[in-house]
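Notes follow once the structure below has been shown.
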Amino acid sequence: QFHEMAEISSDKSNFPNSPKDDGLGELRLVEETPDLLETSLSRLASLLGGDDARKQIDDDDIFRLRFLRCAKFDIEKAQKRHEEYWKMRVEIFGDEPLVVMPDIEPALALGVMQVPSVRDKSGRQIIQLRLRLIDWKVTNPSLMLKCLWICYNSVLTDEENQRRGVLIIADMIGLTRDKFRLDFVRSMARTIQNALPLRIGGMRIVNQPGFFNIVWPIVSRLLKPKIRSRFAVIGKDYGLLTQWVDAECLPKELGGMYEHDHTVWVKAL
């Protein structure tokens, strides 16, 4: 993997923005009138058809609204993401529901993805990725992917998160090369960009390790330009995060005042 990355690491054009370049622009919400909701859901149902057995699981109007909101009520985009969601969900889970099963519990307990009860200045849910906590001796890419799907699904049960999206803070302190798995990164890129109805307001990278300059060029090739443009590197200057997040909503390890109990959150899933 790293030989492949080294060959393209000299291409700086794909490096993440500086915080000054990426301002996490003004959040524009669609006015969800009763007419818009009824018409959009009806048109989406017509495009999707009605003979798929998977709809017996949880594919009702409330569920489909996630895709419409993610696509800002562009029906064709919502249809495309909905179809990719089910294609990928069946690949990963088969007929299993998106609930915590015993085989996923060790991966979930690692705390790689944490969802504190705080939002950024635009009302977006903050998600913290603590990548150093990945432990391939405890889990594997397949189970970790299941774990993250379940976590993101939990985030999407909140209608405000469906409308406003999320701000992801990826903390790379302590991340070592052996924790980087390109197959896992590819699956996550496909999940976020094509499948889950999740609006990514921004991605902030902090405490990036020295080998980040090798990893980023190949990771960036997996990202669509729109998603890639929402990445910004903070480094160790945590004060920059307050451009988007109030100090009381930032974790203490990043210079804020908030303490998140991941164990309590997991028990509530």
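Labels for the structure tokens follow display order: chains A, B, ..., residues from 1 in each chain, ligands from 1.
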Handout entry: Members of range 75-195 of chain A assigned helix (DSSP H, G or I) by DSSP, as an NGL selection string
Key = :A and (75-93 or 105-109 or 131-133 or 141-155 or 159-164 or 177-179 or 182-195)
Practice task
Please identify all polymer residues within 6 Å of range 64-70 of chain A, counting only C-alpha atoms, omitting same-chain residues fewer than 5 positions from it, and present them as a list of chain:residue names.
Solution key: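 The residues that qualify are A:Ala78, A:Gln162, A:Arg163, A:Pro197, A:Leu198, A:Arg199.
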Problem - Pick from A:Val166, A:Ala195, A:Ser117, A:Leu110, whichever lies nearest to Glu83 in chain A using only C-alpha atoms - result: A:Ala195
Handout entry: Residues of range 82-259 of chain A in strand (DSSP E or B), written as a PyMOL selection string
Key = chain A and resi 113-114+119+125-130+166-171+200-206+231-235+251+258
Next, the residues of the selection above should be written as a CSV table (one decimal), in the first residue's frame with C-alpha atoms.
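Final output, again34.csv:
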```csv
chain,number,residue,atom,x,y,z
A,113,MET,CA,-16.0,6.8,16.5
A,114,GLN,CA,-17.5,8.9,19.2
A,119,ARG,CA,-23.0,20.6,18.0
A,125,GLN,CA,-23.7,17.1,15.1
A,126,ILE,CA,-20.0,16.8,16.0
A,127,ILE,CA,-18.5,13.3,15.4
A,128,GLN,CA,-15.0,12.6,16.8
A,129,LEU,CA,-12.8,9.9,15.2
A,130,ARG,CA,-10.0,8.8,17.5
A,166,VAL,CA,-22.2,16.6,10.7
A,167,LEU,CA,-18.8,18.0,11.4
A,168,ILE,CA,-16.2,15.3,11.7
A,169,ILE,CA,-13.1,15.9,13.8
A,170,ALA,CA,-10.5,13.2,13.0
A,171,ASP,CA,-7.8,13.1,15.7
A,200,ILE,CA,-20.8,16.0,5.5
A,201,GLY,CA,-20.5,19.6,6.5
A,202,GLY,CA,-16.8,19.4,7.1
A,203,MET,CA,-13.8,17.2,8.1
A,204,ARG,CA,-11.2,18.6,10.4
A,205,ILE,CA,-7.9,16.7,10.7
A,206,VAL,CA,-5.9,17.3,13.9
A,231,PHE,CA,-11.3,18.6,4.5
A,232,ALA,CA,-9.0,21.0,6.4
A,233,VAL,CA,-5.8,20.3,8.3
A,234,ILE,CA,-5.6,21.8,11.8
A,235,GLY,CA,-2.4,20.2,13.0
A,251,PRO,CA,-13.3,17.7,23.9
A,258,TYR,CA,-16.4,18.9,27.0
```
Problem - Pick from A:Leu48, A:Ile214, A:Val264, A:Leu41 nearest to Arg177 in chain A, counting only C-alpha atoms - result: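 Smallest separation from Arg177 in chain A among the options: A:Ile214.
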I'd like the neighbourhood of Ile92 in chain A as a PDB file with C-alpha atoms, in the first residue's frame, where a residue qualifies if any of its atoms comes within 8 Å (using only C-alpha atoms), though same-chain residues fewer than 4 positions away should be ignored.
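Result file is result38.pdb:
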```
ATOM      1  CA  MET A  88     -23.955  -1.911   0.268  1.00  0.00           C
ATOM      2  CA  SER A 142     -15.361  -6.019   8.117  1.00  0.00           C
ATOM      3  CA  LYS A 146     -20.336  -2.730  10.578  1.00  0.00           C
TER       4      LYS A 146
END
```
Handout entry: For CA of Ser122 in chain A and CA of Asp246 in chain A, the interatomic separation in Å (one decimal)
Key =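 Computed distance, CA of Ser122 in chain A to CA of Asp246 in chain A, equals 10.5 Å.
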